[in-house]
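So this one's entry.txt, compact mmCIF, C-alpha atoms and all ligand atoms:
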```txt
# COMPACT_ATOMS: atom_id res chain seq x y z
CA MET M 1 -20.76 6.56 2.95
CA ASP M 2 -17.60 8.64 3.22
CA SER M 3 -14.76 6.43 2.04
CA LEU M 4 -12.65 7.83 4.87
CA HIS M 5 -15.17 6.81 7.54
CA PHE M 6 -13.08 3.87 8.73
CA LEU M 7 -10.32 6.28 9.73
CA VAL M 8 -12.41 8.19 12.24
CA GLY M 9 -10.53 8.19 15.54
CA ARG M 10 -7.57 6.30 14.06
CA GLY M 11 -5.39 9.19 12.97
CA GLN M 12 -2.69 8.55 15.54
CA GLU M 13 -2.73 4.83 14.84
CA LEU M 14 -2.25 5.54 11.16
CA ARG M 15 0.52 8.02 11.86
CA ASP M 16 2.29 5.44 14.06
CA LEU M 17 2.00 2.82 11.33
CA ILE M 18 3.46 5.17 8.76
CA GLN M 19 6.40 5.99 10.99
CA SER M 20 7.03 2.56 12.52
CA PRO M 21 5.44 -0.20 10.44
CA GLN M 22 7.70 -2.85 11.99
CA HIS M 23 5.95 -2.48 15.36
CA ARG M 24 2.90 -4.32 14.17
CA ASN M 25 2.54 -7.93 13.12
CA PRO M 26 1.77 -8.31 9.43
CA VAL M 27 -1.85 -9.04 8.58
CA PRO M 28 -2.67 -11.19 5.52
CA ALA M 29 -3.96 -9.15 2.62
CA ALA M 30 -7.55 -9.99 1.75
CA CYS M 31 -6.67 -9.40 -1.91
CA ARG M 32 -3.98 -12.08 -1.94
CA ASP M 33 -5.92 -14.14 -4.48
CA GLU M 34 -6.89 -11.15 -6.61
CA ASP M 35 -5.07 -9.78 -9.63
CA VAL M 36 -3.00 -6.88 -8.25
CA HIS M 37 -3.71 -4.97 -11.44
CA LEU M 38 -7.33 -4.60 -10.35
CA TYR M 39 -6.12 -2.04 -7.84
CA HIS M 40 -4.02 -0.13 -10.36
CA PRO M 41 -6.35 0.80 -13.21
CA GLU M 42 -5.41 3.32 -15.86
CA ASP M 43 -5.02 6.92 -14.70
CA GLY M 44 -8.25 8.44 -13.49
CA GLU M 45 -10.21 5.22 -13.38
CA ARG M 46 -11.72 3.81 -10.24
CA PRO M 47 -11.44 0.05 -9.58
CA ALA M 48 -14.61 -2.01 -9.83
CA GLU M 49 -16.74 -2.26 -6.70
CA GLY M 50 -15.80 -5.93 -6.22
CA PRO M 51 -12.10 -5.34 -5.49
CA LEU M 52 -12.91 -2.29 -3.37
CA ALA M 53 -15.39 -4.33 -1.33
CA VAL M 54 -12.52 -6.73 -0.59
CA CYS M 55 -10.60 -3.79 0.89
CA VAL M 56 -13.51 -2.89 3.17
CA GLY M 57 -13.28 -6.31 4.79
CA CYS M 58 -9.49 -6.52 4.84
CA GLY M 59 -7.83 -6.84 8.23
CA GLY M 60 -4.73 -5.14 6.85
CA ARG M 61 -6.52 -2.10 5.49
CA LEU M 62 -4.84 0.45 7.71
CA GLU M 63 -1.40 -1.12 7.14
CA CYS M 64 -1.97 -1.07 3.39
CA LEU M 65 -2.90 2.59 3.47
CA ALA M 66 0.06 3.40 5.73
CA LEU M 67 2.43 1.68 3.33
CA ALA M 68 1.27 3.86 0.46
CA LEU M 69 1.41 7.06 2.49
CA ARG M 70 4.88 6.22 3.72
CA ALA M 71 6.43 5.05 0.47
CA GLU M 72 4.81 6.77 -2.48
CA ASP M 73 5.82 10.03 -4.06
CA PRO M 74 3.07 12.56 -3.17
CA GLU M 75 3.42 14.07 -6.63
CA THR M 76 2.65 10.86 -8.45
CA ARG M 77 0.16 8.96 -6.32
CA HIS M 78 -1.85 6.35 -8.15
CA GLY M 79 -3.49 3.02 -7.50
CA TRP M 80 -5.81 2.09 -4.65
CA TYR M 81 -4.50 1.19 -1.19
CA GLY M 82 -6.74 0.47 1.77
CA GLY M 83 -9.61 1.00 -0.63
CA LEU M 84 -8.62 4.62 -1.14
CA GLY M 85 -7.44 6.34 -4.28
CA PRO M 86 -4.91 9.12 -4.83
CA ALA M 87 -7.29 12.01 -4.07
CA ASP M 88 -8.29 10.51 -0.72
CA ARG M 89 -4.64 9.86 0.15
CA ASP M 90 -3.85 13.47 -0.65
CA ARG M 91 -6.55 14.53 1.79
CA ILE M 92 -5.27 12.19 4.49
CA ALA M 93 -1.67 13.28 4.03
CA ALA M 94 -2.77 16.89 4.37
CA ARG M 95 -4.82 16.15 7.49
CA LEU M 96 -1.92 14.31 9.09
CA ARG M 97 0.50 16.97 7.88
CA LEU M 98 2.81 14.30 6.54
CA PRO M 99 6.19 15.49 5.34
CA ASN M 100 6.86 15.31 1.64
CA GLY M 101 10.36 14.01 2.22
CA ALA M 102 9.65 10.28 2.10
CA THR M 103 11.78 8.38 -0.34
CA PRO M 104 9.41 7.19 -3.04
CA LEU M 105 9.40 3.58 -4.07
CA PRO M 106 8.61 2.58 -7.64
CA ASP M 107 5.30 0.91 -8.48
CA ARG M 108 6.78 -2.54 -8.65
CA ALA M 109 8.09 -2.16 -5.10
CA HIS M 110 4.51 -1.91 -3.85
CA THR M 111 3.62 -4.99 -5.84
CA ALA M 112 6.67 -6.84 -4.52
CA ILE M 113 5.78 -5.93 -0.94
CA ARG M 114 2.22 -7.06 -1.42
CA LEU M 115 3.29 -10.36 -2.96
CA GLY M 116 5.85 -10.86 -0.20
CA ARG M 117 3.14 -10.44 2.41
CA ASP M 118 1.11 -13.01 0.56
CA GLY M 119 3.89 -15.53 0.98
CA TRP M 120 5.50 -15.39 -2.46
CA ARG M 121 9.16 -16.35 -2.54
CA VAL M 122 11.75 -13.81 -3.58
CA ASN M 123 12.61 -15.80 -6.71
CA ASP M 124 8.99 -15.91 -7.82
CA ILE M 125 8.47 -12.21 -7.19
CA ALA M 126 11.61 -11.36 -9.14
CA GLN M 127 10.46 -13.49 -12.04
CA ALA M 128 6.96 -12.01 -12.03
CA LEU M 129 8.24 -8.45 -11.96
CA GLY M 130 11.18 -8.95 -14.27
CA CYS M 131 13.79 -7.71 -11.82
CA SER M 132 16.64 -9.20 -9.81
CA ARG M 133 16.37 -11.04 -6.52
CA ARG M 134 18.52 -8.38 -4.97
CA THR M 135 16.07 -5.67 -6.02
CA VAL M 136 13.15 -7.61 -4.58
CA GLN M 137 15.03 -8.10 -1.30
CA ARG M 138 15.67 -4.37 -1.13
CA TYR M 139 11.98 -3.65 -1.59
CA LEU M 140 11.02 -6.14 1.09
CA ARG M 141 13.59 -4.73 3.52
CA SER M 142 12.12 -1.25 3.09
CA VAL M 143 9.10 -2.23 5.20
CA ARG M 144 10.89 -4.21 7.92
S1 LIG T 201 -6.73 -2.97 1.83
FE1 LIG T 201 -4.84 -3.28 0.64
S2 LIG T 201 -4.14 -5.33 1.26
FE2 LIG T 201 -6.29 -5.15 1.87
S3 LIG T 201 -7.51 -5.95 0.18
FE3 LIG T 201 -7.30 -3.76 -0.18
S4 LIG T 201 -5.48 -3.52 -1.50
FE4 LIG T 201 -5.41 -5.57 -0.59
```

Take the structure I supplied and represent it as structure tokens, if you would.
Amino acid sequence: MDSLHFLVGRGQELRDLIQSPQHRNPVPAACRDEDVHLYHPEDGERPAEGPLAVCVGCGGRLECLALALRAEDPETRHGWYGGLGPADRDRIAARLRLPNGATPLPDRAHTAIRLGRDGWRVNDIAQALGCSRRTVQRYLRSVR
């Protein structure tokens, strides 16, 4: 099946989420108990089917994809969000005609945001990522 099938008819919803993520209540990530590194394999590798199957059943799939499309640098996309890899996100960004002017967030910001949604405390996120509390708070504010 086309990996983009779940987006059929949801283009405007996705666009709205990219532009105004704060207008929707957060949905728990289905991968909250998974190792986040499963979704960020080495360049060019696809995650195992197990983690990607978790994405298919995730209630926050569209939000997860919107976060990546909003925050990542289009020139350096990597990792899987919403079950979709960099090539699929390129296709979606082109279809939606997204501007390239978004301020990119570093990789660890995506991880911090994901952990924050899973209920991790700022202190714990900072310790896990090896950065300051202030940095973690800045990452978390970027999606409020
Ligand atoms: S769609 Fe995103 S939040 Fe949901 S399980 Fe997949 S990686 Fe996690």

What residues of the protein or nucleic acid chains come within 8 Å of ligand LIG 201 (chain T) when you use all atoms listed in the file? Reply as a list in words.
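Final answer, ordered by chain and number: Pro28, Ala29, Ala30, Cys31, Arg32, Val36, Tyr39, Pro51, Leu52, Val54, Cys55, Val56, Gly57, Cys58, Gly59, Gly60, Arg61, Leu62, Glu63, Cys64, Leu65, Trp80, Tyr81, Gly82, Gly83 and Arg114 of chain M.
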
Taking C-alpha atoms for each residue, export the selection above as a short mmCIF file (atom, residue, chain, number, x, y, z; two decimals), in the coordinates of the input.
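Output contents, as saved in result.cif:
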```cif
data_model
loop_
_atom_site.label_atom_id
_atom_site.label_comp_id
_atom_site.auth_asym_id
_atom_site.auth_seq_id
_atom_site.Cartn_x
_atom_site.Cartn_y
_atom_site.Cartn_z
CA PRO M 28 -2.67 -11.19 5.52
CA ALA M 29 -3.96 -9.15 2.62
CA ALA M 30 -7.55 -9.99 1.75
CA CYS M 31 -6.67 -9.40 -1.91
CA ARG M 32 -3.98 -12.08 -1.94
CA VAL M 36 -3.00 -6.88 -8.25
CA TYR M 39 -6.12 -2.04 -7.84
CA PRO M 51 -12.10 -5.34 -5.49
CA LEU M 52 -12.91 -2.29 -3.37
CA VAL M 54 -12.52 -6.73 -0.59
CA CYS M 55 -10.60 -3.79 0.89
CA VAL M 56 -13.51 -2.89 3.17
CA GLY M 57 -13.28 -6.31 4.79
CA CYS M 58 -9.49 -6.52 4.84
CA GLY M 59 -7.83 -6.84 8.23
CA GLY M 60 -4.73 -5.14 6.85
CA ARG M 61 -6.52 -2.10 5.49
CA LEU M 62 -4.84 0.45 7.71
CA GLU M 63 -1.40 -1.12 7.14
CA CYS M 64 -1.97 -1.07 3.39
CA LEU M 65 -2.90 2.59 3.47
CA TRP M 80 -5.81 2.09 -4.65
CA TYR M 81 -4.50 1.19 -1.19
CA GLY M 82 -6.74 0.47 1.77
CA GLY M 83 -9.61 1.00 -0.63
CA ARG M 114 2.22 -7.06 -1.42
#
```

Gln137 of chain M surroundings by all atoms listed in the file, 10 Å radius, close-in-sequence under 3 positions cut, as a VMD selection string:
chain M and resid 109 112 to 113 116 122 to 123 125 to 126 132 to 134 140 to 142

Using C-alpha atoms, can you write the selected residues to a file as a CSV table (one decimal), in the coordinates of the input?
```csv
chain,number,residue,atom,x,y,z
M,109,ALA,CA,8.1,-2.2,-5.1
M,112,ALA,CA,6.7,-6.8,-4.5
M,113,ILE,CA,5.8,-5.9,-0.9
M,116,GLY,CA,5.8,-10.9,-0.2
M,122,VAL,CA,11.8,-13.8,-3.6
M,123,ASN,CA,12.6,-15.8,-6.7
M,125,ILE,CA,8.5,-12.2,-7.2
M,126,ALA,CA,11.6,-11.4,-9.1
M,132,SER,CA,16.6,-9.2,-9.8
M,133,ARG,CA,16.4,-11.0,-6.5
M,134,ARG,CA,18.5,-8.4,-5.0
M,140,LEU,CA,11.0,-6.1,1.1
M,141,ARG,CA,13.6,-4.7,3.5
M,142,SER,CA,12.1,-1.2,3.1
```

- Within 10 Å of Pro86 of chain M, counting all atoms listed in the file, which residues qualify if same-chain residues fewer than 5 places away don't, as a PyMOL selection string? chain M and resi 44+68-69+74-81+91-92

Limited to C-alpha atoms, could you put the picked residues into a file as an mmCIF file, in the frame of the given file?
```cif
data_model
loop_
_atom_site.group_PDB
_atom_site.id
_atom_site.type_symbol
_atom_site.label_atom_id
_atom_site.label_comp_id
_atom_site.auth_asym_id
_atom_site.auth_seq_id
_atom_site.Cartn_x
_atom_site.Cartn_y
_atom_site.Cartn_z
ATOM 1 C CA GLY M 44 -8.250 8.440 -13.490
ATOM 2 C CA ALA M 68 1.270 3.860 0.460
ATOM 3 C CA LEU M 69 1.410 7.060 2.490
ATOM 4 C CA PRO M 74 3.070 12.560 -3.170
ATOM 5 C CA GLU M 75 3.420 14.070 -6.630
ATOM 6 C CA THR M 76 2.650 10.860 -8.450
ATOM 7 C CA ARG M 77 0.160 8.960 -6.320
ATOM 8 C CA HIS M 78 -1.850 6.350 -8.150
ATOM 9 C CA GLY M 79 -3.490 3.020 -7.500
ATOM 10 C CA TRP M 80 -5.810 2.090 -4.650
ATOM 11 C CA TYR M 81 -4.500 1.190 -1.190
ATOM 12 C CA ARG M 91 -6.550 14.530 1.790
ATOM 13 C CA ILE M 92 -5.270 12.190 4.490
#
```

One decimal place gives the atom CA of Glu34 of chain M-atom CA of Arg46 of chain M separation as 16.1 Å

task: Tell me which of M:Leu38, M:Leu96, M:Leu67, M:Ala53 sits closest to Leu17 of chain M, counting only C-alpha atoms.
output: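 Nearest candidate to Leu17 of chain M out of M:Leu38, M:Leu96, M:Leu67, M:Ala53: M:Leu67.
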
(request) Record the distance separating atom CA of Arg89 of chain M and atom CA of Ala66 of chain M, expressed in Å with one decimal. (result)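 Spanning atom CA of Arg89 of chain M to atom CA of Ala66 of chain M is a straight-line distance of 9.7 Å.
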
Problem - Between atom CA of Arg95 of chain M and atom CA of Gln19 of chain M - distance in Å to one decimal - result: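 Computed distance, atom CA of Gln19 of chain M to atom CA of Arg95 of chain M, equals 15.5 Å.
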
Query - Pick from M:Pro106, M:Pro41, M:Pro26, M:Pro47, whichever lies nearest to Tyr139 of chain M using all atoms listed in the file - result: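 Closest residue, counting all atoms listed in the file: M:Pro106.
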
Which residue of M:Ser20, M:Leu14, M:Ala48, M:His37 approaches Ala93 of chain M most closely, using only C-alpha atoms: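 Residue with the minimum atom-to-atom distance to Ala93 of chain M: M:Leu14.
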
Across M:Ala128, M:Trp120, M:Arg97, M:Arg70, the smallest distance to Ile18 of chain M, with only C-alpha atoms counted, is shown by M:Arg70

Please complete segment 114-125 of chain M so it has all heavy atoms, and hand it over as a PDB file, in the coordinates of the input.
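The file below, part_17.pdb, is the result:
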```pdb
ATOM      1  N   ARG M 114       3.519  -6.405  -1.556  1.00  0.00           N
ATOM      2  CA  ARG M 114       2.220  -7.060  -1.420  1.00  0.00           C
ATOM      3  C   ARG M 114       2.366  -8.568  -1.643  1.00  0.00           C
ATOM      4  O   ARG M 114       1.835  -9.372  -0.888  1.00  0.00           O
ATOM      5  CB  ARG M 114       1.243  -6.455  -2.426  1.00  0.00           C
ATOM      6  CG  ARG M 114      -0.174  -6.906  -2.241  1.00  0.00           C
ATOM      7  CD  ARG M 114      -1.101  -6.181  -3.181  1.00  0.00           C
ATOM      8  NE  ARG M 114      -1.400  -4.850  -2.723  1.00  0.00           N
ATOM      9  CZ  ARG M 114      -1.932  -3.914  -3.501  1.00  0.00           C
ATOM     10  NH1 ARG M 114      -2.194  -4.164  -4.750  1.00  0.00           N
ATOM     11  NH2 ARG M 114      -2.205  -2.715  -3.019  1.00  0.00           N
ATOM     12  N   LEU M 115       3.101  -8.932  -2.674  1.00  0.00           N
ATOM     13  CA  LEU M 115       3.290 -10.360  -2.960  1.00  0.00           C
ATOM     14  C   LEU M 115       4.076 -11.031  -1.832  1.00  0.00           C
ATOM     15  O   LEU M 115       3.787 -12.167  -1.438  1.00  0.00           O
ATOM     16  CB  LEU M 115       4.013 -10.535  -4.295  1.00  0.00           C
ATOM     17  CG  LEU M 115       3.215 -10.099  -5.535  1.00  0.00           C
ATOM     18  CD1 LEU M 115       4.089 -10.210  -6.786  1.00  0.00           C
ATOM     19  CD2 LEU M 115       1.947 -10.899  -5.690  1.00  0.00           C
ATOM     20  N   GLY M 116       5.071 -10.309  -1.307  1.00  0.00           N
ATOM     21  CA  GLY M 116       5.850 -10.860  -0.200  1.00  0.00           C
ATOM     22  C   GLY M 116       4.978 -11.132   1.015  1.00  0.00           C
ATOM     23  O   GLY M 116       5.108 -12.162   1.685  1.00  0.00           O
ATOM     24  N   ARG M 117       4.053 -10.241   1.273  1.00  0.00           N
ATOM     25  CA  ARG M 117       3.140 -10.440   2.410  1.00  0.00           C
ATOM     26  C   ARG M 117       2.195 -11.605   2.162  1.00  0.00           C
ATOM     27  O   ARG M 117       1.683 -12.196   3.099  1.00  0.00           O
ATOM     28  CB  ARG M 117       2.341  -9.157   2.640  1.00  0.00           C
ATOM     29  CG  ARG M 117       3.161  -8.090   3.298  1.00  0.00           C
ATOM     30  CD  ARG M 117       2.361  -6.854   3.541  1.00  0.00           C
ATOM     31  NE  ARG M 117       3.126  -5.916   4.344  1.00  0.00           N
ATOM     32  CZ  ARG M 117       2.823  -4.653   4.489  1.00  0.00           C
ATOM     33  NH1 ARG M 117       1.787  -4.154   3.875  1.00  0.00           N
ATOM     34  NH2 ARG M 117       3.574  -3.875   5.230  1.00  0.00           N
ATOM     35  N   ASP M 118       1.994 -11.884   0.890  1.00  0.00           N
ATOM     36  CA  ASP M 118       1.110 -13.010   0.560  1.00  0.00           C
ATOM     37  C   ASP M 118       1.867 -14.329   0.517  1.00  0.00           C
ATOM     38  O   ASP M 118       1.305 -15.355   0.138  1.00  0.00           O
ATOM     39  CB  ASP M 118       0.448 -12.771  -0.803  1.00  0.00           C
ATOM     40  CG  ASP M 118      -0.569 -11.648  -0.737  1.00  0.00           C
ATOM     41  OD1 ASP M 118      -0.923 -11.238   0.381  1.00  0.00           O
ATOM     42  OD2 ASP M 118      -1.006 -11.182  -1.808  1.00  0.00           O
ATOM     43  N   GLY M 119       3.137 -14.295   0.869  1.00  0.00           N
ATOM     44  CA  GLY M 119       3.890 -15.530   0.980  1.00  0.00           C
ATOM     45  C   GLY M 119       4.676 -15.925  -0.259  1.00  0.00           C
ATOM     46  O   GLY M 119       5.221 -17.027  -0.305  1.00  0.00           O
ATOM     47  N   TRP M 120       4.711 -15.062  -1.268  1.00  0.00           N
ATOM     48  CA  TRP M 120       5.500 -15.390  -2.460  1.00  0.00           C
ATOM     49  C   TRP M 120       6.976 -15.417  -2.088  1.00  0.00           C
ATOM     50  O   TRP M 120       7.436 -14.638  -1.263  1.00  0.00           O
ATOM     51  CB  TRP M 120       5.287 -14.344  -3.536  1.00  0.00           C
ATOM     52  CG  TRP M 120       3.997 -14.439  -4.286  1.00  0.00           C
ATOM     53  CD1 TRP M 120       2.749 -14.606  -3.750  1.00  0.00           C
ATOM     54  CD2 TRP M 120       3.823 -14.316  -5.701  1.00  0.00           C
ATOM     55  NE1 TRP M 120       1.810 -14.597  -4.742  1.00  0.00           N
ATOM     56  CE2 TRP M 120       2.434 -14.430  -5.948  1.00  0.00           C
ATOM     57  CE3 TRP M 120       4.691 -14.127  -6.762  1.00  0.00           C
ATOM     58  CZ2 TRP M 120       1.915 -14.351  -7.232  1.00  0.00           C
ATOM     59  CZ3 TRP M 120       4.168 -14.050  -8.037  1.00  0.00           C
ATOM     60  CH2 TRP M 120       2.797 -14.170  -8.271  1.00  0.00           C
ATOM     61  N   ARG M 121       7.724 -16.300  -2.744  1.00  0.00           N
ATOM     62  CA  ARG M 121       9.160 -16.350  -2.540  1.00  0.00           C
ATOM     63  C   ARG M 121       9.841 -15.274  -3.365  1.00  0.00           C
ATOM     64  O   ARG M 121       9.316 -14.837  -4.405  1.00  0.00           O
ATOM     65  CB  ARG M 121       9.699 -17.728  -2.926  1.00  0.00           C
ATOM     66  CG  ARG M 121       9.162 -18.854  -2.024  1.00  0.00           C
ATOM     67  CD  ARG M 121       9.648 -20.190  -2.473  1.00  0.00           C
ATOM     68  NE  ARG M 121       9.427 -20.356  -3.920  1.00  0.00           N
ATOM     69  CZ  ARG M 121       9.996 -21.288  -4.652  1.00  0.00           C
ATOM     70  NH1 ARG M 121      10.826 -22.133  -4.105  1.00  0.00           N
ATOM     71  NH2 ARG M 121       9.757 -21.369  -5.943  1.00  0.00           N
ATOM     72  N   VAL M 122      11.014 -14.887  -2.907  1.00  0.00           N
ATOM     73  CA  VAL M 122      11.750 -13.810  -3.580  1.00  0.00           C
ATOM     74  C   VAL M 122      11.971 -14.140  -5.048  1.00  0.00           C
ATOM     75  O   VAL M 122      11.781 -13.301  -5.934  1.00  0.00           O
ATOM     76  CB  VAL M 122      13.086 -13.547  -2.860  1.00  0.00           C
ATOM     77  CG1 VAL M 122      13.974 -12.624  -3.684  1.00  0.00           C
ATOM     78  CG2 VAL M 122      12.827 -12.945  -1.478  1.00  0.00           C
ATOM     79  N   ASN M 123      12.366 -15.385  -5.322  1.00  0.00           N
ATOM     80  CA  ASN M 123      12.610 -15.800  -6.710  1.00  0.00           C
ATOM     81  C   ASN M 123      11.376 -15.590  -7.579  1.00  0.00           C
ATOM     82  O   ASN M 123      11.460 -15.106  -8.708  1.00  0.00           O
ATOM     83  CB  ASN M 123      12.987 -17.284  -6.760  1.00  0.00           C
ATOM     84  CG  ASN M 123      14.470 -17.475  -6.598  1.00  0.00           C
ATOM     85  OD1 ASN M 123      15.239 -16.516  -6.681  1.00  0.00           O
ATOM     86  ND2 ASN M 123      14.875 -18.705  -6.347  1.00  0.00           N
ATOM     87  N   ASP M 124      10.226 -15.989  -7.046  1.00  0.00           N
ATOM     88  CA  ASP M 124       8.990 -15.910  -7.820  1.00  0.00           C
ATOM     89  C   ASP M 124       8.581 -14.449  -8.050  1.00  0.00           C
ATOM     90  O   ASP M 124       8.083 -14.089  -9.119  1.00  0.00           O
ATOM     91  CB  ASP M 124       7.865 -16.661  -7.092  1.00  0.00           C
ATOM     92  CG  ASP M 124       8.157 -18.154  -7.023  1.00  0.00           C
ATOM     93  OD1 ASP M 124       8.903 -18.643  -7.895  1.00  0.00           O
ATOM     94  OD2 ASP M 124       7.660 -18.803  -6.094  1.00  0.00           O
ATOM     95  N   ILE M 125       8.797 -13.623  -7.032  1.00  0.00           N
ATOM     96  CA  ILE M 125       8.470 -12.210  -7.190  1.00  0.00           C
ATOM     97  C   ILE M 125       9.373 -11.582  -8.260  1.00  0.00           C
ATOM     98  O   ILE M 125       8.918 -10.844  -9.145  1.00  0.00           O
ATOM     99  CB  ILE M 125       8.629 -11.445  -5.854  1.00  0.00           C
ATOM    100  CG1 ILE M 125       7.658 -11.978  -4.811  1.00  0.00           C
ATOM    101  CG2 ILE M 125       8.406  -9.951  -6.063  1.00  0.00           C
ATOM    102  CD1 ILE M 125       7.868 -11.418  -3.414  1.00  0.00           C
TER     103      ILE M 125
END
```
